[in-house]
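Just query.cif here, mmCIF, C-alpha atoms:
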data_target
#
loop_
_atom_site.label_atom_id
_atom_site.label_comp_id
_atom_site.auth_asym_id
_atom_site.auth_seq_id
_atom_site.Cartn_x
_atom_site.Cartn_y
_atom_site.Cartn_z
CA MET W 1 -3.13 18.84 -22.76
CA LYS W 2 -3.60 15.21 -21.76
CA LYS W 3 -6.15 14.19 -19.16
CA THR W 4 -4.41 13.03 -15.96
CA GLN W 5 -5.28 10.11 -13.71
CA ASP W 6 -3.57 9.55 -10.35
CA ALA W 7 -3.17 6.33 -8.39
CA LEU W 8 -1.96 5.97 -4.81
CA ILE W 9 -0.13 2.78 -3.78
CA LEU W 10 0.39 2.07 -0.06
CA GLN W 11 2.81 -0.59 1.19
CA GLY W 12 2.46 -2.70 4.31
CA GLY W 13 4.67 -2.17 7.36
CA GLY W 14 2.75 -2.20 10.64
CA ALA W 15 3.40 0.88 12.74
CA LEU W 16 5.45 2.36 9.88
CA GLY W 17 2.06 3.07 8.28
CA ALA W 18 1.97 6.35 10.21
CA TYR W 19 4.45 7.60 7.58
CA GLN W 20 1.72 7.20 4.96
CA VAL W 21 -0.58 9.54 6.90
CA GLY W 22 1.97 12.35 6.67
CA ALA W 23 2.58 11.66 2.99
CA VAL W 24 -1.14 11.64 2.23
CA GLU W 25 -1.59 14.93 4.07
CA ARG W 26 1.00 16.61 1.84
CA LEU W 27 -0.42 15.04 -1.33
CA MET W 28 -3.92 16.23 -0.46
CA GLU W 29 -2.57 19.78 -0.21
CA GLN W 30 -1.56 19.45 -3.85
CA GLY W 31 -4.45 20.98 -5.76
CA ASP W 32 -4.21 18.62 -8.73
CA PHE W 33 -3.95 15.37 -6.74
CA HIS W 34 -7.21 13.45 -7.12
CA PRO W 35 -6.57 9.68 -7.10
CA VAL W 36 -9.00 7.57 -9.09
CA ALA W 37 -7.46 4.40 -7.67
CA VAL W 38 -5.97 3.56 -4.26
CA THR W 39 -4.35 0.21 -3.56
CA GLY W 40 -2.92 -1.09 -0.31
CA VAL W 41 -1.64 -4.13 1.48
CA SER W 42 -1.54 -4.81 5.22
CA ILE W 43 -1.43 -1.46 7.08
CA GLY W 44 -1.65 0.17 3.64
CA ALA W 45 -5.00 -1.57 3.12
CA ILE W 46 -6.25 -0.14 6.43
CA ASN W 47 -5.12 3.36 5.50
CA ALA W 48 -6.57 3.04 1.98
CA ALA W 49 -9.99 1.97 3.28
CA ALA W 50 -10.00 4.75 5.88
CA LEU W 51 -8.97 7.35 3.31
CA VAL W 52 -11.77 6.54 0.85
CA GLY W 53 -14.46 5.24 3.22
CA ALA W 54 -13.95 7.66 6.11
CA ARG W 55 -17.11 8.41 8.07
CA GLU W 56 -15.88 11.99 8.49
CA ASN W 57 -13.12 14.06 6.88
CA PRO W 58 -10.58 11.56 5.43
CA LEU W 59 -7.43 13.15 6.83
CA HIS W 60 -9.04 13.78 10.22
CA THR W 61 -10.21 10.15 10.25
CA LEU W 62 -6.73 8.83 9.48
CA LYS W 63 -5.13 10.92 12.19
CA THR W 64 -7.79 10.05 14.77
CA MET W 65 -7.48 6.36 13.97
CA TRP W 66 -3.72 6.52 14.42
CA GLU W 67 -4.24 8.40 17.66
CA GLU W 68 -6.00 5.25 18.86
CA PHE W 69 -3.18 3.05 17.59
CA ALA W 70 -0.63 5.02 19.62
CA VAL W 71 0.56 3.28 22.78
CA ASN W 72 1.02 5.53 25.79
CA ALA W 73 3.45 4.45 28.49
CA SER W 74 2.61 5.03 32.12
CA GLY W 75 4.92 7.07 34.29
CA LEU W 76 6.34 3.83 35.70
CA VAL W 77 7.77 2.74 32.33
CA PRO W 78 11.10 4.29 31.19
CA GLU W 79 10.88 6.15 27.87
CA ALA W 80 13.53 3.83 26.41
CA MET W 81 11.09 0.93 26.80
CA GLU W 82 8.20 2.60 24.94
CA PRO W 83 9.17 1.23 21.48
CA TYR W 84 8.80 -2.32 22.82
CA LEU W 85 5.51 -2.02 24.71
CA SER W 86 3.39 -3.04 21.72
CA VAL W 87 5.02 -6.46 21.74
CA PHE W 88 2.64 -7.12 24.64
CA GLY W 89 -0.36 -5.86 22.69
CA ASN W 90 -2.07 -2.75 21.39
CA ARG W 91 -5.52 -1.99 22.83
CA SER W 92 -6.88 -0.76 19.46
CA PHE W 93 -5.11 -3.22 17.18
CA TYR W 94 -4.24 -6.61 18.68
CA GLN W 95 -3.93 -8.39 21.99
CA LEU W 96 -2.06 -11.42 23.28
CA ARG W 97 -4.09 -14.61 23.18
CA THR W 98 -5.25 -15.90 26.55
CA ASP W 99 -6.55 -19.34 25.58
CA LEU W 100 -3.45 -21.10 26.87
CA ALA W 101 -5.20 -24.47 27.03
CA ALA W 102 -5.39 -24.41 23.21
CA PHE W 103 -1.71 -23.51 22.80
CA PRO W 104 -0.79 -26.70 20.84
CA PHE W 105 -3.29 -25.61 18.16
CA TRP W 106 -2.39 -21.93 17.96
CA THR W 107 -1.66 -20.53 14.50
CA SER W 108 -1.02 -17.00 15.76
CA ILE W 109 0.31 -15.18 18.81
CA TYR W 110 -2.19 -12.35 18.85
CA ASP W 111 -5.93 -11.83 18.48
CA THR W 112 -6.94 -8.94 16.17
CA SER W 113 -10.49 -8.43 17.42
CA PRO W 114 -9.65 -4.87 18.64
CA LEU W 115 -8.83 -3.88 15.04
CA GLN W 116 -12.22 -5.13 13.86
CA GLY W 117 -13.87 -2.62 16.17
CA VAL W 118 -11.67 0.23 14.93
CA LEU W 119 -12.45 -0.55 11.27
CA LYS W 120 -16.20 -0.52 11.90
CA ARG W 121 -15.96 2.66 13.96
CA TYR W 122 -14.01 4.73 11.44
CA ILE W 123 -14.89 3.26 8.05
CA ASP W 124 -18.30 3.41 6.38
CA PHE W 125 -18.10 0.35 4.14
CA GLU W 126 -21.27 1.29 2.27
CA LYS W 127 -19.67 4.64 1.42
CA LEU W 128 -16.43 2.87 0.49
CA ASN W 129 -18.20 0.54 -1.93
CA LYS W 130 -20.19 3.36 -3.54
CA SER W 131 -17.16 5.61 -4.00
CA LYS W 132 -16.04 6.48 -7.52
CA VAL W 133 -12.48 5.98 -6.31
CA LYS W 134 -11.43 2.38 -6.98
CA VAL W 135 -9.92 0.73 -3.91
CA ALA W 136 -8.12 -2.60 -4.11
CA VAL W 137 -6.39 -4.59 -1.38
CA THR W 138 -4.37 -7.79 -1.68
CA ALA W 139 -4.15 -10.92 0.46
CA ALA W 140 -2.43 -14.29 0.12
CA ASN W 141 -4.58 -17.41 -0.09
CA VAL W 142 -3.05 -19.81 2.43
CA ARG W 143 -4.25 -22.92 0.58
CA THR W 144 -3.28 -21.97 -2.98
CA GLY W 145 -0.36 -19.68 -2.24
CA ASN W 146 -1.74 -17.12 -4.70
CA VAL W 147 -2.11 -13.41 -4.07
CA GLU W 148 -5.73 -12.34 -4.61
CA VAL W 149 -7.14 -8.86 -5.16
CA PHE W 150 -10.33 -7.62 -3.53
CA ASP W 151 -11.87 -4.31 -4.56
CA ASN W 152 -14.86 -2.06 -4.07
CA HIS W 153 -15.97 -2.16 -7.72
CA SER W 154 -16.41 -5.91 -8.23
CA PRO W 155 -20.05 -6.52 -9.28
CA GLY W 156 -22.08 -7.94 -6.41
CA LYS W 157 -19.10 -8.08 -4.06
CA GLY W 158 -17.30 -5.02 -2.73
CA LEU W 159 -15.08 -4.64 0.32
CA ALA W 160 -15.94 -5.68 3.87
CA PRO W 161 -13.96 -5.58 7.14
CA GLU W 162 -12.74 -9.16 6.60
CA HIS W 163 -10.99 -8.16 3.35
CA ILE W 164 -9.02 -5.47 5.17
CA LEU W 165 -8.23 -7.84 8.03
CA ALA W 166 -7.12 -10.53 5.56
CA SER W 167 -4.73 -8.13 3.87
CA GLY W 168 -3.09 -7.44 7.25
CA SER W 169 -3.04 -10.99 8.65
CA LEU W 170 0.74 -11.20 8.98
CA PRO W 171 1.85 -14.58 10.39
CA PRO W 172 2.82 -15.80 12.87
CA GLY W 173 1.75 -12.76 14.85
CA PHE W 174 -1.74 -12.32 13.46
CA PRO W 175 -4.31 -15.04 12.72
CA MET W 176 -5.51 -16.14 9.30
CA THR W 177 -8.71 -14.45 8.14
CA ARG W 178 -11.52 -16.45 6.61
CA ILE W 179 -13.35 -15.17 3.53
CA GLY W 180 -15.96 -17.57 2.26
CA GLU W 181 -14.39 -21.02 2.28
CA GLU W 182 -10.80 -19.80 2.03
CA TRP W 183 -8.22 -18.54 4.56
CA TYR W 184 -5.85 -15.65 3.98
CA TRP W 185 -2.57 -14.17 5.20
CA ASP W 186 -0.98 -10.77 4.61
CA GLY W 187 -0.52 -10.06 0.90
CA GLY W 188 2.77 -8.31 1.63
CA LEU W 189 4.39 -11.70 2.14
CA PHE W 190 4.56 -12.05 -1.66
CA ASP W 191 4.32 -8.49 -2.98
CA ASN W 192 4.43 -5.50 -0.66
CA THR W 193 3.87 -2.95 -3.44
CA PRO W 194 0.43 -3.55 -5.07
CA LEU W 195 1.36 -1.75 -8.26
CA LEU W 196 -0.38 -3.82 -10.92
CA PRO W 197 -3.81 -3.66 -9.19
CA ALA W 198 -3.51 0.13 -9.40
CA ILE W 199 -2.47 0.13 -13.06
CA GLU W 200 -5.33 -2.20 -13.99
CA ARG W 201 -7.81 0.30 -12.54
CA LEU W 202 -6.61 3.23 -14.64
CA ASP W 203 -7.72 4.14 -18.14
CA ASP W 204 -5.54 2.16 -20.55
CA SER W 205 -5.74 4.81 -23.26
CA PRO W 206 -2.35 6.32 -24.23
CA LYS W 207 -4.17 9.64 -24.41
CA VAL W 208 -4.49 9.62 -20.61
CA ARG W 209 -1.46 10.61 -18.56
CA LYS W 210 -1.00 8.40 -15.48
CA ARG W 211 0.82 9.32 -12.29
CA LEU W 212 1.53 6.59 -9.75
CA PHE W 213 2.30 7.84 -6.25
CA VAL W 214 3.99 5.02 -4.32
CA VAL W 215 4.48 5.45 -0.57
CA LYS W 216 7.29 3.05 0.35
CA LEU W 217 7.78 2.18 4.01
CA PHE W 218 10.98 0.21 3.48
CA PRO W 219 14.01 1.56 1.56
CA ASP W 220 15.56 -0.37 -1.32
CA GLU W 221 19.11 0.46 -0.33
CA GLY W 222 20.68 -0.18 3.06
CA LEU W 223 23.95 -0.54 4.96
CA ILE W 224 26.05 -3.69 5.09
CA PRO W 225 25.15 -5.37 8.43
CA GLN W 226 27.82 -5.39 11.14
CA ASN W 227 25.94 -7.45 13.74
CA MET W 228 22.97 -9.82 14.00
CA ASN W 229 20.45 -7.07 14.79
CA GLN W 230 21.47 -5.28 11.62
CA VAL W 231 21.21 -8.55 9.69
CA PHE W 232 17.57 -8.91 10.73
CA ASP W 233 16.94 -5.22 9.96
CA ARG W 234 18.30 -5.61 6.43
CA ILE W 235 16.41 -8.86 5.82
CA LEU W 236 13.18 -7.10 6.78
CA GLU W 237 13.94 -4.18 4.46
CA MET W 238 14.80 -6.41 1.51
CA VAL W 239 11.77 -8.68 1.95
CA PHE W 240 9.24 -5.86 2.25
CA SER W 241 10.78 -3.09 0.14
CA GLY W 242 8.84 -4.52 -2.78
CA LYS W 243 9.91 -4.94 -6.38
CA LEU W 244 9.21 -1.44 -7.64
CA ASN W 245 12.57 -0.94 -9.38
CA ARG W 246 12.23 -4.26 -11.18
CA ASP W 247 8.67 -3.42 -12.22
CA VAL W 248 9.78 -0.09 -13.66
CA GLU W 249 12.66 -1.74 -15.55
CA THR W 250 10.27 -4.35 -16.94
CA ALA W 251 7.88 -1.59 -17.95
CA GLY W 252 10.69 0.13 -19.85
CA ARG W 253 11.17 -2.98 -22.00
CA ILE W 254 7.42 -3.44 -22.41
CA ASN W 255 7.05 0.18 -23.50
CA GLU W 256 9.40 -0.58 -26.38
CA TYR W 257 6.99 -3.32 -27.50
CA VAL W 258 4.07 -0.94 -27.14
CA ASP W 259 5.84 1.65 -29.28
CA ALA W 260 6.43 -0.99 -31.94
CA ILE W 261 2.75 -1.97 -31.90
CA HIS W 262 1.75 1.69 -32.19
CA GLN W 263 3.89 1.93 -35.31
CA ILE W 264 2.31 -1.21 -36.75
CA ASP W 265 -1.30 -0.18 -36.24
CA SER W 266 -0.58 3.39 -37.45
CA VAL W 267 0.72 1.83 -40.67
CA LEU W 268 -2.46 -0.24 -40.85
CA ASP W 269 -4.54 2.93 -40.41
CA ALA W 270 -2.58 4.64 -43.14
CA ALA W 271 -3.08 1.63 -45.41
CA GLY W 272 -6.83 2.06 -45.16
CA ASP W 273 -7.55 -1.03 -43.07
CA PRO W 274 -9.02 0.42 -39.82
CA GLY W 275 -10.85 -2.82 -39.10
CA LEU W 276 -7.64 -4.80 -38.74
CA ALA W 277 -6.07 -2.05 -36.59
CA ALA W 278 -9.14 -2.03 -34.33
CA GLU W 279 -8.93 -5.81 -34.05
CA ILE W 280 -5.32 -5.57 -32.86
CA ARG W 281 -6.17 -2.86 -30.35
CA ALA W 282 -8.97 -5.01 -28.91
CA MET W 283 -6.65 -7.93 -28.17
CA PRO W 284 -6.26 -8.59 -24.39
CA GLY W 285 -2.48 -8.73 -24.72
CA TYR W 286 -2.38 -5.35 -26.43
CA ARG W 287 -4.52 -3.78 -23.70
CA ARG W 288 -2.27 -5.23 -20.98
CA LEU W 289 0.77 -3.76 -22.69
CA GLN W 290 -1.00 -0.41 -22.84
CA GLN W 291 -1.56 -0.55 -19.08
CA TYR W 292 2.19 -0.80 -18.47
CA MET W 293 2.59 2.57 -20.13
CA ALA W 294 1.34 3.92 -16.79
CA LEU W 295 4.77 3.19 -15.34
CA GLN W 296 6.25 6.06 -17.30
CA GLN W 297 5.66 8.39 -14.35
CA VAL W 298 6.17 6.91 -10.89
CA ILE W 299 6.52 9.33 -7.99
CA CYS W 300 8.14 7.42 -5.13
CA ILE W 301 7.86 8.73 -1.59
CA GLU W 302 10.35 6.59 0.32
CA ASN W 303 10.93 6.28 4.05
CA ARG W 304 14.69 6.40 4.54
CA ASP W 305 14.67 7.21 8.24
CA PRO W 306 16.45 4.51 10.28
CA GLU W 307 14.19 1.87 11.82
CA ILE W 308 15.13 -1.08 14.00
CA VAL W 309 13.84 -4.58 13.36
CA THR W 310 11.00 -4.06 15.85
CA GLY W 311 10.00 -0.81 14.12
CA PRO W 312 6.77 -2.25 12.64
CA PHE W 313 5.68 -3.00 16.22
CA ASP W 314 6.74 0.39 17.60
CA PHE W 315 3.42 2.18 18.12
CA SER W 316 4.86 4.61 20.67
CA ARG W 317 3.33 8.06 20.31
CA LYS W 318 6.70 9.70 19.76
CA ARG W 319 7.63 7.46 16.82
CA ILE W 320 4.18 7.73 15.24
CA GLU W 321 4.45 11.53 15.28
CA GLN W 322 8.00 11.38 13.90
CA ARG W 323 6.90 9.11 11.06
CA MET W 324 3.99 11.37 10.13
CA GLU W 325 6.37 14.34 9.99
CA ALA W 326 8.83 12.32 7.88
CA GLY W 327 6.08 11.28 5.46
CA TYR W 328 4.99 14.88 4.99
CA ARG W 329 8.59 16.02 4.50
CA ASP W 330 9.45 13.29 1.98
CA ALA W 331 6.21 13.80 0.03
CA ASP W 332 7.04 17.49 -0.23
CA LYS W 333 10.48 16.62 -1.63
CA ALA W 334 8.99 14.13 -4.10
CA LEU W 335 6.47 16.69 -5.36
CA ALA W 336 9.18 19.33 -5.76
CA LYS W 337 11.26 16.85 -7.78
CA MET W 338 8.24 15.96 -9.91
CA LYS W 339 7.51 19.63 -10.62
CA LYS W 340 11.12 20.29 -11.57
CA GLU W 341 11.19 17.34 -13.98
CA GLU W 342 7.93 18.47 -15.58
CA GLU W 343 9.30 22.01 -16.05
CA GLU W 344 12.44 20.58 -17.68
CA VAL W 345 10.31 18.56 -20.12
CA VAL W 346 8.31 21.65 -21.07
CA ALA W 347 11.48 23.69 -21.51
#
Take the structure from the file and write it as structure tokens.
Amino acid sequence: MKKTQDALILQGGGALGAYQVGAVERLMEQGDFHPVAVTGVSIGAINAAALVGARENPLHTLKTMWEEFAVNASGLVPEAMEPYLSVFGNRSFYQLRTDLAAFPFWTSIYDTSPLQGVLKRYIDFEKLNKSKVKVAVTAANVRTGNVEVFDNHSPGKGLAPEHILASGSLPPGFPMTRIGEEWYWDGGLFDNTPLLPAIERLDDSPKVRKRLFVVKLFPDEGLIPQNMNQVFDRILEMVFSGKLNRDVETAGRINEYVDAIHQIDSVLDAAGDPGLAAEIRAMPGYRRLQQYMALQQVICIENRDPEIVTGPFDFSRKRIEQRMEAGYRDADKALAKMKKEEEEVVA
């Protein structure tokens, strides 16, 4: 039986990130789920860092952190207004800027200093950087326009609060984050599903079975808009749903190339020229193709519950609880589907 390696990929989506907490809870109940790599962007980066670098029990830490993110309305505010309260700020995440005199030079609407405190309170970055689990987060370099990957296994570097903040610096709401001499925005602007960083951190050997668990906060499919609100909803879904389907299709074609290469070097082995076969296997291009073989088993846990365009800013307690329940439910369905498919293969 092949050795199995799991990777967990967490999308960005603001308050929708509560869905990931429910999904993670169900995955952790699965006895054979032990991710060796966790990647995230934006809110997914926050959840990934908290999951691996939690000062206490990981699941308890995630839930307690999200308890802080929840916005409670006073008795004077109608319940119907609760989903919109976070537009005015979130005491544990972000707050409206007050330096009105500097308004002509603003590059963001909010200040994220409250989130810095939450990260330091719940995440032990020394523990995170010493963990055997590889954690990678992505952010977009404002100057170059390139998406960069930061991880906890880079020699002499590692992850710090600013890397997590950079990954979630979604403009124009949140400010750019400085790392060294560069400035960064949310990596989800360019790719909201950090799939390749996860694949690159798995064993590239074909003898190792890879399972990629992707927690998607935005659905691929949606309804045809009938009004302007629905137009903005669908735009948001399409921009941030990621390119998972395209990646899997590309991997299917690449796997054909990998199969062809396997046939070639097996012929070389049979011909008694192991040196030449080893040389081919050591080529960087060959190893990259091998990594794409990981896309043979992708378990997608997708949030299909209806969300309005302000959903990513809806930190109301009721919606956070609903999203956690939905994440747990959908993860359970995804695992049941995975088990059924595996049983069919064996049969």
Residues within 9 Å of segment 176-184 of chain W, only C-alpha atoms, excluding chain neighbours under 6 positions, as a list in words: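 So, after excluding close chain neighbours, the residues are Thr107, Ser108, Ala139, Ala140, Asn141, Val142, Arg143, Glu162, His163, Leu165, Ala166, Ser167, Ser169 and Leu170 of chain W.
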Output, as JSON, the centre and edge lengths in Å (one decimal) of the axis-aligned box that contains all listed atoms of segment 184-190 of chain W with 4 Å of margin on each side.
{"center_x": -0.6, "center_y": -12.0, "center_z": 1.8, "size_x": 18.4, "size_y": 15.3, "size_z": 14.9}
Which residues of segment 47-75 of chain W sit at most 8 Å from segment 119-131 of chain W, using all atoms listed in the file? Give each one's shortest atom pair and distance in Å (one decimal place), in chain and ascending residue order, as JSON lines.
{"residue": "W:Ala49", "atom": "CA", "partner": "W:Ile123", "partner_atom": "CA", "distance": 7.0}
{"residue": "W:Ala50", "atom": "CA", "partner": "W:Ile123", "partner_atom": "CA", "distance": 5.6}
{"residue": "W:Val52", "atom": "CA", "partner": "W:Leu128", "partner_atom": "CA", "distance": 5.9}
{"residue": "W:Gly53", "atom": "CA", "partner": "W:Leu128", "partner_atom": "CA", "distance": 4.1}
{"residue": "W:Ala54", "atom": "CA", "partner": "W:Ile123", "partner_atom": "CA", "distance": 4.9}
{"residue": "W:Arg55", "atom": "CA", "partner": "W:Asp124", "partner_atom": "CA", "distance": 5.4}
{"residue": "W:Thr61", "atom": "CA", "partner": "W:Tyr122", "partner_atom": "CA", "distance": 6.7}
{"residue": "W:Met65", "atom": "CA", "partner": "W:Tyr122", "partner_atom": "CA", "distance": 7.2}
Residues in the PyMOL selection byres ((chain W and resi 195-211) around 7), expressed as number ranges by chain: W: 2-7, 9, 37-39, 134, 136, 193-194, 212-213, 287, 290-291, 294, 297-298
Closest of W:Val214, W:Leu189, W:Leu335, W:Ile43 to Leu115 of chain W - atom-to-atom distances counting only C-alpha atoms: W:Ile43
Spatial neighbours of segment 72-89 of chain W, max dist 7 Å, all atoms listed in the file, sep filter under 4 positions, as a ChimeraX atom specification: /W:94-96,313-317
Residues matched by the PyMOL selection byres ((chain W and resi 187) around 8) as number ranges by chain: W: 41-42, 138-140, 147-148, 167-168, 185-186, 188-192
Minimum-distance residue to Phe69 of chain W, chosen among W:Val239, W:Val118, W:Val309, W:Ala278 (using only C-alpha atoms): W:Val118
Interatomic distance (Å, one decimal) between atom CA of Gly13 of chain W and atom CA of Glu221 of chain W: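 So the answer is 16.6 Å.
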Using all atoms listed in the file: which of W:Asp32, W:Asp111, W:Asp233, W:Asp99 has the shortest distance to Gly311 of chain W: W:Asp233
For Leu16 of chain W, the nearest of the candidates W:Ala260, W:Ile299, W:Leu217, W:Met238, counting only C-alpha atoms: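 Of W:Ala260, W:Ile299, W:Leu217, W:Met238, the one nearest Leu16 of chain W, counting only C-alpha atoms, is W:Leu217.
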Coordinates-based distance that separates atom CA of Val135 of chain W from atom CA of Gly22 of chain W (Å, one decimal):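 According to the coordinates, atom CA of Gly22 of chain W and atom CA of Val135 of chain W are separated by 19.7 Å.
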Atomic distance atom CA of Cys300 of chain W - atom CA of Ala331 of chain W, expressed in Å with one decimal: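 Atom CA of Cys300 of chain W sits 8.4 Å away from atom CA of Ala331 of chain W.
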Nearby residues (all atoms listed in the file) at most 7 Å from Leu62 of chain W, same-chain spacing under 4 positions excluded, as a list in words: Val21, Asn47, Ala50, Leu51, Pro58 and Trp66 of chain W
Residue members of the PyMOL selection byres ((chain W and resi 334) around 10) in the file shown, as a list in words: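 That selection, the PyMOL selection byres ((chain W and resi 334) around 10), comes back as Ala23, Leu27, Phe213, Ile299, Cys300, Ile301, Glu302, Tyr328, Arg329, Asp330, Ala331, Asp332, Lys333, Leu335, Ala336, Lys337, Met338, Lys339 and Lys340 of chain W.
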Using only C-alpha atoms: which of W:Gly31, W:Ile308, W:Val24, W:Thr98 has the shortest distance to Met228 of chain W: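 Going through W:Gly31, W:Ile308, W:Val24, W:Thr98 one by one, the smallest distance to Met228 of chain W is for W:Ile308.
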